[in-house]
>>> print(open('upload39.cif').read())   # mmCIF, C-alpha atoms and all ligand atoms
data_target
loop_
_atom_site.label_atom_id
_atom_site.label_comp_id
_atom_site.auth_asym_id
_atom_site.auth_seq_id
_atom_site.Cartn_x
_atom_site.Cartn_y
_atom_site.Cartn_z
CA MET V 1 -18.81 169.93 -28.60
CA THR V 2 -20.65 173.18 -27.77
CA LEU V 3 -19.36 174.53 -24.47
CA ARG V 4 -21.28 177.59 -23.39
CA HIS V 5 -23.04 180.72 -24.52
CA GLN V 6 -21.49 184.18 -24.16
CA GLY V 7 -24.02 186.85 -24.98
CA GLY V 8 -25.61 184.58 -27.57
CA LEU V 9 -22.34 183.45 -29.21
CA SER V 10 -21.94 179.71 -28.78
CA THR V 11 -18.35 178.63 -28.28
CA GLN V 12 -16.98 175.35 -29.50
CA LYS V 13 -13.86 173.57 -28.38
CA MET V 14 -11.20 172.60 -30.89
CA SER V 15 -7.85 170.90 -30.24
CA PHE V 16 -4.59 172.00 -31.87
CA VAL V 17 -1.40 169.97 -31.62
CA THR V 18 1.78 172.04 -31.84
CA THR V 19 4.95 172.67 -29.90
CA ASN V 20 5.13 176.16 -31.46
CA LEU V 21 3.64 178.78 -29.13
CA GLY V 22 3.70 181.42 -31.90
CA LYS V 23 1.41 179.32 -34.10
CA PHE V 24 -0.88 178.64 -31.16
CA LYS V 25 -1.20 182.36 -30.33
CA GLU V 26 -2.01 183.31 -33.94
CA ILE V 27 -4.50 180.51 -34.50
CA SER V 28 -6.25 180.84 -31.14
CA ALA V 29 -6.65 184.62 -31.65
CA GLN V 30 -8.27 184.18 -35.06
CA MET V 31 -10.49 181.28 -34.00
CA ALA V 32 -11.66 183.08 -30.86
CA GLY V 33 -13.21 185.73 -33.11
CA HIS V 34 -15.37 182.97 -34.62
CA GLY V 35 -16.47 181.42 -31.32
CA TYR V 36 -13.91 178.62 -31.04
CA VAL V 37 -11.90 177.95 -27.89
CA LEU V 38 -8.61 176.30 -28.74
CA GLU V 39 -7.13 173.58 -26.54
CA HIS V 40 -3.32 173.51 -26.83
CA ILE V 41 -1.86 170.00 -27.00
CA ARG V 42 1.86 170.67 -26.77
CA THR V 43 3.22 167.36 -28.03
CA PRO V 44 5.60 166.76 -30.94
CA TYR V 45 4.33 164.42 -33.66
CA PRO V 46 6.32 162.72 -36.42
CA GLU V 47 6.72 164.92 -39.51
CA ILE V 48 7.72 162.73 -42.47
CA GLN V 49 10.00 164.36 -45.05
CA ALA V 50 8.05 164.78 -48.29
CA ASP V 51 8.05 167.02 -51.37
CA SER V 52 5.11 169.14 -50.25
CA LEU V 53 3.48 170.36 -47.05
CA GLU V 54 0.26 168.55 -48.04
CA ALA V 55 2.08 165.19 -48.26
CA THR V 56 3.61 165.70 -44.80
CA ILE V 57 0.43 166.70 -43.05
CA VAL V 58 -1.80 163.66 -43.69
CA PRO V 59 0.38 161.11 -41.81
CA GLY V 60 0.71 163.68 -39.00
CA LEU V 61 -3.07 163.98 -38.78
CA GLN V 62 -3.52 160.23 -38.64
CA TRP V 63 -0.91 160.00 -35.87
CA VAL V 64 -2.57 162.66 -33.68
CA LEU V 65 -6.08 161.26 -34.26
CA GLU V 66 -4.97 157.79 -33.09
CA ARG V 67 -3.66 159.30 -29.87
CA TYR V 68 -6.29 161.91 -29.04
CA GLU V 69 -9.48 160.49 -30.68
CA ARG V 70 -11.22 163.87 -31.06
CA PRO V 71 -11.61 166.55 -33.75
CA ILE V 72 -8.09 167.87 -34.01
CA MET V 73 -5.93 170.20 -36.11
CA ILE V 74 -2.24 170.67 -36.96
CA ASP V 75 -0.32 173.29 -38.99
CA ASP V 76 2.57 172.65 -41.36
CA SER V 77 4.23 175.72 -42.86
CA GLY V 78 7.31 176.68 -44.82
CA LEU V 79 9.24 179.56 -46.37
CA PHE V 80 10.01 179.25 -50.11
CA ILE V 81 12.63 181.63 -51.54
CA ASP V 82 12.53 182.12 -55.33
CA GLY V 83 16.23 182.95 -55.76
CA LEU V 84 17.15 179.77 -53.81
CA ARG V 85 14.82 177.66 -55.99
CA GLY V 86 12.28 177.25 -53.22
CA PHE V 87 14.75 176.51 -50.41
CA PRO V 88 14.26 176.06 -47.44
CA GLY V 89 10.66 174.99 -48.34
CA VAL V 90 9.82 171.63 -46.74
CA TYR V 91 13.14 171.81 -44.85
CA SER V 92 12.21 175.14 -43.19
CA SER V 93 12.09 173.74 -39.68
CA TYR V 94 15.54 172.07 -39.86
CA VAL V 95 17.09 175.10 -41.58
CA PHE V 96 15.68 177.44 -38.95
CA LYS V 97 17.13 175.28 -36.16
CA THR V 98 20.54 175.06 -37.84
CA ILE V 99 21.37 178.31 -39.69
CA GLY V 100 18.31 180.44 -38.76
CA CYS V 101 17.48 183.89 -40.12
CA ASP V 102 21.15 184.95 -40.10
CA GLY V 103 22.11 181.96 -42.21
CA ILE V 104 19.40 182.75 -44.78
CA LEU V 105 20.56 186.38 -44.96
CA ASN V 106 24.16 185.17 -45.50
CA LEU V 107 23.09 182.79 -48.27
CA MET V 108 21.31 185.68 -49.97
CA LYS V 109 24.14 188.22 -49.71
CA GLY V 110 24.33 190.17 -52.98
CA MET V 111 21.15 188.59 -54.39
CA THR V 112 18.81 191.08 -56.02
CA ASP V 113 15.86 188.70 -56.52
CA ARG V 114 14.59 188.51 -52.93
CA ARG V 115 11.07 187.30 -53.70
CA ALA V 116 9.71 184.65 -51.33
CA ARG V 117 6.47 183.18 -50.11
CA PHE V 118 5.19 181.53 -46.98
CA GLU V 119 2.86 178.58 -47.34
CA CYS V 120 0.68 177.20 -44.57
CA CYS V 121 -1.42 174.04 -44.52
CA ILE V 122 -3.95 173.67 -41.75
CA GLY V 123 -4.90 170.01 -41.45
CA PHE V 124 -8.01 168.80 -39.67
CA ILE V 125 -9.33 165.34 -38.91
CA ALA V 126 -12.16 163.92 -36.78
CA PRO V 127 -12.90 160.31 -35.79
CA GLY V 128 -14.40 158.44 -38.75
CA LYS V 129 -13.86 161.36 -41.15
CA ASP V 130 -11.44 162.03 -44.00
CA PRO V 131 -8.65 164.56 -43.47
CA PHE V 132 -9.32 168.14 -44.60
CA ILE V 133 -6.52 170.52 -45.63
CA ALA V 134 -6.81 174.29 -46.07
CA LYS V 135 -3.87 176.05 -47.69
CA GLY V 136 -2.86 179.72 -47.55
CA VAL V 137 -0.02 181.49 -49.32
CA ALA V 138 1.52 184.91 -48.59
CA HIS V 139 3.86 186.51 -51.12
CA GLY V 140 6.59 188.94 -50.17
CA SER V 141 10.36 189.29 -50.02
CA ILE V 142 13.36 188.65 -47.80
CA SER V 143 14.67 191.81 -46.15
CA GLN V 144 18.35 192.84 -46.19
CA GLU V 145 18.54 192.54 -42.41
CA LYS V 146 16.46 191.33 -39.47
CA ALA V 147 13.86 193.76 -38.10
CA GLY V 148 11.33 193.50 -35.29
CA THR V 149 10.91 191.48 -32.12
CA GLY V 150 7.41 190.06 -32.51
CA GLY V 151 6.26 186.82 -34.08
CA PHE V 152 8.50 183.79 -34.43
CA GLY V 153 10.66 181.84 -36.85
CA TYR V 154 11.49 183.69 -40.05
CA ASP V 155 9.18 186.65 -39.21
CA PRO V 156 12.10 189.14 -38.72
CA ILE V 157 13.24 188.69 -42.36
CA PHE V 158 9.90 188.41 -44.23
CA VAL V 159 8.26 191.52 -45.68
CA HIS V 160 4.73 191.02 -46.98
CA GLU V 161 3.96 192.28 -50.52
CA GLY V 162 3.08 195.99 -50.38
CA TYR V 163 4.46 196.38 -46.84
CA SER V 164 7.67 198.01 -45.63
CA LYS V 165 7.64 196.24 -42.25
CA THR V 166 8.56 192.62 -41.50
CA TYR V 167 6.06 190.21 -39.93
CA ALA V 168 8.03 190.66 -36.69
CA GLN V 169 7.10 194.36 -36.72
CA VAL V 170 3.31 193.89 -36.91
CA ASP V 171 0.95 192.62 -34.22
CA ILE V 172 -0.86 189.27 -34.32
CA ALA V 173 -4.14 190.71 -35.62
CA GLU V 174 -2.39 192.46 -38.51
CA LYS V 175 -0.26 189.42 -39.36
CA ASN V 176 -3.37 187.20 -39.30
CA SER V 177 -5.18 189.57 -41.66
CA ILE V 178 -2.57 189.06 -44.42
CA SER V 179 -0.50 185.97 -43.64
CA HIS V 180 -0.38 182.48 -45.10
CA ARG V 181 -1.72 181.14 -41.79
CA GLY V 182 -4.51 183.72 -41.56
CA ARG V 183 -5.58 182.87 -45.12
CA ALA V 184 -5.49 179.09 -44.57
CA LEU V 185 -7.39 179.52 -41.33
CA ALA V 186 -10.09 181.68 -42.93
CA LYS V 187 -10.78 178.86 -45.42
CA PHE V 188 -10.72 176.28 -42.62
CA ILE V 189 -13.10 178.26 -40.38
CA GLU V 190 -15.55 178.66 -43.26
CA GLU V 191 -15.59 174.88 -43.78
CA LEU V 192 -15.55 173.89 -40.11
CA PRO V 193 -19.32 173.82 -39.41
CA LYS V 194 -19.71 171.22 -42.20
CA LEU V 195 -16.70 169.25 -40.98
CA LEU V 196 -18.07 169.01 -37.45
CA VAL V 197 -21.49 167.57 -38.47
P1 LIG X 1 6.73 173.90 -39.21
O1 LIG X 1 5.41 174.14 -39.80
O2 LIG X 1 6.67 173.88 -37.72
O3 LIG X 1 7.44 172.70 -39.81
O4 LIG X 1 7.57 175.21 -39.53
C1 LIG X 1 8.65 175.26 -40.39
C2 LIG X 1 9.56 176.41 -40.00
O5 LIG X 1 9.01 177.61 -40.53
C3 LIG X 1 9.75 176.61 -38.51
O6 LIG X 1 11.09 176.96 -38.26
C4 LIG X 1 8.85 177.78 -38.18
O7 LIG X 1 9.36 178.55 -37.13
C5 LIG X 1 8.84 178.55 -39.49
N1 LIG X 1 7.55 179.20 -39.66
C6 LIG X 1 6.33 178.61 -39.81
N2 LIG X 1 5.37 179.55 -39.87
C7 LIG X 1 6.00 180.73 -39.76
C8 LIG X 1 5.52 182.06 -39.73
O8 LIG X 1 4.32 182.36 -39.78
N3 LIG X 1 6.45 183.01 -39.60
C9 LIG X 1 7.80 182.74 -39.51
N4 LIG X 1 8.29 181.53 -39.53
C10 LIG X 1 7.38 180.51 -39.64
#
>>> encode(input="upload39.cif", output="structure tokens")
Amino acid sequence: MTLRHQGGLSTQKMSFVTTNLGKFKEISAQMAGHGYVLEHIRTPYPEIQADSLEATIVPGLQWVLERYERPIMIDDSGLFIDGLRGFPGVYSSYVFKTIGCDGILNLMKGMTDRRARFECCIGFIAPGKDPFIAKGVAHGSISQEKAGTGGFGYDPIFVHEGYSKTYAQVDIAEKNSISHRGRALAKFIEELPKLLV
């Protein structure tokens, strides 16, 4: 649905279901730059436990579409640590709620291989259409200690490849320009005009 024109830029409304305000802020900032106004639907939806983010996201999309019956998006992300064989991965949410960043740092005490990656899947569905998934990956490492107050989740312990600061020490625009979510979203935004036809 086209809403209005601002100096020639048409804005379109898109709905995003998440209880995570950090995700909403990052995604709405990036989409605003492409003329999309993001409606925040702050409702939890069932996240089935599966081996991959992609496998989790499709049932979630079908659940939100049944309830909201409009073009709608969700985000499923995770932190995968090489030296822990990919843990917490698809369990990232539970692990964050239970042991958090401090628990991860404790598990990694003395480990020299600190390589890790964030993965993000942006899922989109519209009435009568197939689901679309855009994936983004950001490689980096786990810091020795927490640093920074910005961002959310594991941001204080994740240092992007080539950076010396954690994601919690950069602003939203800079995080979006390099992050898993920013990369997934760039692919999604490129596809979106075709998906909305
Ligand atoms: P989910 O996508 O909500 O299941 O997120 C899994 C876990 O990873 C949650 O604890 C999030 O806080 C965390 N997480 C997801 N994306 C990010 C991110 O961009 N930075 C830091 N933590 C994240």
>>> closest_atom_pairs(input="upload39.cif", of="chain V", to="ligand LIG 1 (chain X)", cutoff="9 Å", atoms="all atoms listed in the file", output="JSON lines")
{"residue": "V:Thr18", "atom": "CA", "partner": "X:LIG1", "partner_atom": "O2", "distance": 7.9}
{"residue": "V:Thr19", "atom": "CA", "partner": "X:LIG1", "partner_atom": "O2", "distance": 8.1}
{"residue": "V:Asn20", "atom": "CA", "partner": "X:LIG1", "partner_atom": "O2", "distance": 6.8}
{"residue": "V:Gly22", "atom": "CA", "partner": "X:LIG1", "partner_atom": "O8", "distance": 8.0}
{"residue": "V:Lys23", "atom": "CA", "partner": "X:LIG1", "partner_atom": "N2", "distance": 7.0}
{"residue": "V:Glu26", "atom": "CA", "partner": "X:LIG1", "partner_atom": "O8", "distance": 8.7}
{"residue": "V:Glu47", "atom": "CA", "partner": "X:LIG1", "partner_atom": "O3", "distance": 7.8}
{"residue": "V:Leu53", "atom": "CA", "partner": "X:LIG1", "partner_atom": "O1", "distance": 8.4}
{"residue": "V:Ile74", "atom": "CA", "partner": "X:LIG1", "partner_atom": "O1", "distance": 8.9}
{"residue": "V:Asp75", "atom": "CA", "partner": "X:LIG1", "partner_atom": "O1", "distance": 5.8}
{"residue": "V:Asp76", "atom": "CA", "partner": "X:LIG1", "partner_atom": "O1", "distance": 3.6}
{"residue": "V:Ser77", "atom": "CA", "partner": "X:LIG1", "partner_atom": "O1", "distance": 3.6}
{"residue": "V:Gly78", "atom": "CA", "partner": "X:LIG1", "partner_atom": "O5", "distance": 4.7}
{"residue": "V:Leu79", "atom": "CA", "partner": "X:LIG1", "partner_atom": "O5", "distance": 6.2}
{"residue": "V:Pro88", "atom": "CA", "partner": "X:LIG1", "partner_atom": "C2", "distance": 8.8}
{"residue": "V:Gly89", "atom": "CA", "partner": "X:LIG1", "partner_atom": "C1", "distance": 8.2}
{"residue": "V:Val90", "atom": "CA", "partner": "X:LIG1", "partner_atom": "O3", "distance": 7.4}
{"residue": "V:Tyr91", "atom": "CA", "partner": "X:LIG1", "partner_atom": "C1", "distance": 7.2}
{"residue": "V:Ser92", "atom": "CA", "partner": "X:LIG1", "partner_atom": "C2", "distance": 4.3}
{"residue": "V:Ser93", "atom": "CA", "partner": "X:LIG1", "partner_atom": "O6", "distance": 3.7}
{"residue": "V:Tyr94", "atom": "CA", "partner": "X:LIG1", "partner_atom": "O6", "distance": 6.8}
{"residue": "V:Val95", "atom": "CA", "partner": "X:LIG1", "partner_atom": "O6", "distance": 7.1}
{"residue": "V:Phe96", "atom": "CA", "partner": "X:LIG1", "partner_atom": "O6", "distance": 4.7}
{"residue": "V:Lys97", "atom": "CA", "partner": "X:LIG1", "partner_atom": "O6", "distance": 6.6}
{"residue": "V:Gly100", "atom": "CA", "partner": "X:LIG1", "partner_atom": "O6", "distance": 8.0}
{"residue": "V:Phe118", "atom": "CA", "partner": "X:LIG1", "partner_atom": "C8", "distance": 7.3}
{"residue": "V:Glu119", "atom": "CA", "partner": "X:LIG1", "partner_atom": "N2", "distance": 7.9}
{"residue": "V:Cys120", "atom": "CA", "partner": "X:LIG1", "partner_atom": "N2", "distance": 7.0}
{"residue": "V:Cys121", "atom": "CA", "partner": "X:LIG1", "partner_atom": "O1", "distance": 8.3}
{"residue": "V:Gly151", "atom": "CA", "partner": "X:LIG1", "partner_atom": "N3", "distance": 6.7}
{"residue": "V:Phe152", "atom": "CA", "partner": "X:LIG1", "partner_atom": "C9", "distance": 5.2}
{"residue": "V:Gly153", "atom": "CA", "partner": "X:LIG1", "partner_atom": "O7", "distance": 3.5}
{"residue": "V:Tyr154", "atom": "CA", "partner": "X:LIG1", "partner_atom": "C9", "distance": 3.8}
{"residue": "V:Asp155", "atom": "CA", "partner": "X:LIG1", "partner_atom": "C9", "distance": 4.2}
{"residue": "V:Pro156", "atom": "CA", "partner": "X:LIG1", "partner_atom": "C9", "distance": 7.8}
{"residue": "V:Ile157", "atom": "CA", "partner": "X:LIG1", "partner_atom": "C9", "distance": 8.6}
{"residue": "V:Phe158", "atom": "CA", "partner": "X:LIG1", "partner_atom": "C9", "distance": 7.7}
{"residue": "V:Tyr167", "atom": "CA", "partner": "X:LIG1", "partner_atom": "N3", "distance": 7.2}
{"residue": "V:Ala168", "atom": "CA", "partner": "X:LIG1", "partner_atom": "N3", "distance": 8.3}
{"residue": "V:Lys175", "atom": "CA", "partner": "X:LIG1", "partner_atom": "O8", "distance": 8.4}
{"residue": "V:Ser179", "atom": "CA", "partner": "X:LIG1", "partner_atom": "O8", "distance": 7.2}
{"residue": "V:His180", "atom": "CA", "partner": "X:LIG1", "partner_atom": "O8", "distance": 7.1}
{"residue": "V:Arg181", "atom": "CA", "partner": "X:LIG1", "partner_atom": "O8", "distance": 6.5}
>>> atom_distance(input="upload39.cif", atom1="atom CA of Gly140 of chain V", atom2="atom CA of Ile189 of chain V")
24.4 Å
>>> atom_distance(input="upload39.cif", atom1="atom CA of Gly148 of chain V", atom2="atom CA of Ser164 of chain V")
11.9 Å
>>> closest_residue(input="upload39.cif", among="V:Gly136, V:Gly182, V:Pro193, V:Pro127", to="Tyr68 of chain V", atoms="all atoms listed in the file")
V:Pro127
>>> closest_residue(input="upload39.cif", among="V:Ala134, V:Ala126, V:Ile48, V:Met73", to="Ser28 of chain V", atoms="all atoms listed in the file")
V:Met73
>>> build_atoms(input="upload39.cif", residues="segment 143-159 of chain V", atoms="N, CA, C and O atoms", output="CSV table (one decimal), keeping the file's coordinate frame")
chain,number,residue,atom,x,y,z
V,143,SER,N,14.0,190.5,-46.4
V,143,SER,CA,14.7,191.8,-46.2
V,143,SER,C,16.2,191.7,-46.2
V,143,SER,O,16.7,190.6,-46.2
V,144,GLN,N,16.9,192.8,-46.2
V,144,GLN,CA,18.4,192.8,-46.2
V,144,GLN,C,18.9,192.5,-44.8
V,144,GLN,O,20.0,192.0,-44.7
V,145,GLU,N,18.1,192.9,-43.8
V,145,GLU,CA,18.5,192.5,-42.4
V,145,GLU,C,17.3,192.2,-41.5
V,145,GLU,O,16.2,192.5,-41.9
V,146,LYS,N,17.6,191.7,-40.4
V,146,LYS,CA,16.5,191.3,-39.5
V,146,LYS,C,15.8,192.6,-38.9
V,146,LYS,O,16.6,193.6,-38.6
V,147,ALA,N,14.5,192.6,-38.7
V,147,ALA,CA,13.9,193.8,-38.1
V,147,ALA,C,12.7,193.3,-37.3
V,147,ALA,O,11.9,192.4,-37.8
V,148,GLY,N,12.5,193.8,-36.1
V,148,GLY,CA,11.3,193.5,-35.3
V,148,GLY,C,11.6,192.4,-34.3
V,148,GLY,O,12.5,191.6,-34.4
V,149,THR,N,10.7,192.4,-33.2
V,149,THR,CA,10.9,191.5,-32.1
V,149,THR,C,9.7,190.6,-31.9
V,149,THR,O,9.7,189.7,-31.1
V,150,GLY,N,8.6,190.9,-32.7
V,150,GLY,CA,7.4,190.1,-32.5
V,150,GLY,C,7.5,188.8,-33.3
V,150,GLY,O,8.5,188.5,-33.9
V,151,GLY,N,6.4,188.0,-33.3
V,151,GLY,CA,6.3,186.8,-34.1
V,151,GLY,C,7.2,185.7,-33.7
V,151,GLY,O,7.7,185.6,-32.6
V,152,PHE,N,7.6,184.9,-34.7
V,152,PHE,CA,8.5,183.8,-34.4
V,152,PHE,C,9.1,183.4,-35.7
V,152,PHE,O,8.8,183.9,-36.8
V,153,GLY,N,10.1,182.4,-35.6
V,153,GLY,CA,10.7,181.8,-36.8
V,153,GLY,C,11.3,182.9,-37.8
V,153,GLY,O,12.1,183.7,-37.3
V,154,TYR,N,10.9,182.8,-39.0
V,154,TYR,CA,11.5,183.7,-40.0
V,154,TYR,C,10.8,185.1,-40.1
V,154,TYR,O,11.1,185.9,-41.0
V,155,ASP,N,9.9,185.4,-39.2
V,155,ASP,CA,9.2,186.6,-39.2
V,155,ASP,C,10.1,187.9,-39.3
V,155,ASP,O,9.8,188.8,-40.1
V,156,PRO,N,11.3,187.9,-38.6
V,156,PRO,CA,12.1,189.1,-38.7
V,156,PRO,C,12.7,189.4,-40.1
V,156,PRO,O,13.2,190.5,-40.3
V,157,ILE,N,12.6,188.4,-41.0
V,157,ILE,CA,13.2,188.7,-42.4
V,157,ILE,C,12.2,188.6,-43.5
V,157,ILE,O,12.6,188.7,-44.7
V,158,PHE,N,10.9,188.5,-43.2
V,158,PHE,CA,9.9,188.4,-44.2
V,158,PHE,C,9.1,189.7,-44.3
V,158,PHE,O,8.4,190.1,-43.3
V,159,VAL,N,9.0,190.3,-45.5
V,159,VAL,CA,8.3,191.5,-45.7
V,159,VAL,C,7.1,191.2,-46.6
V,159,VAL,O,7.4,190.8,-47.8
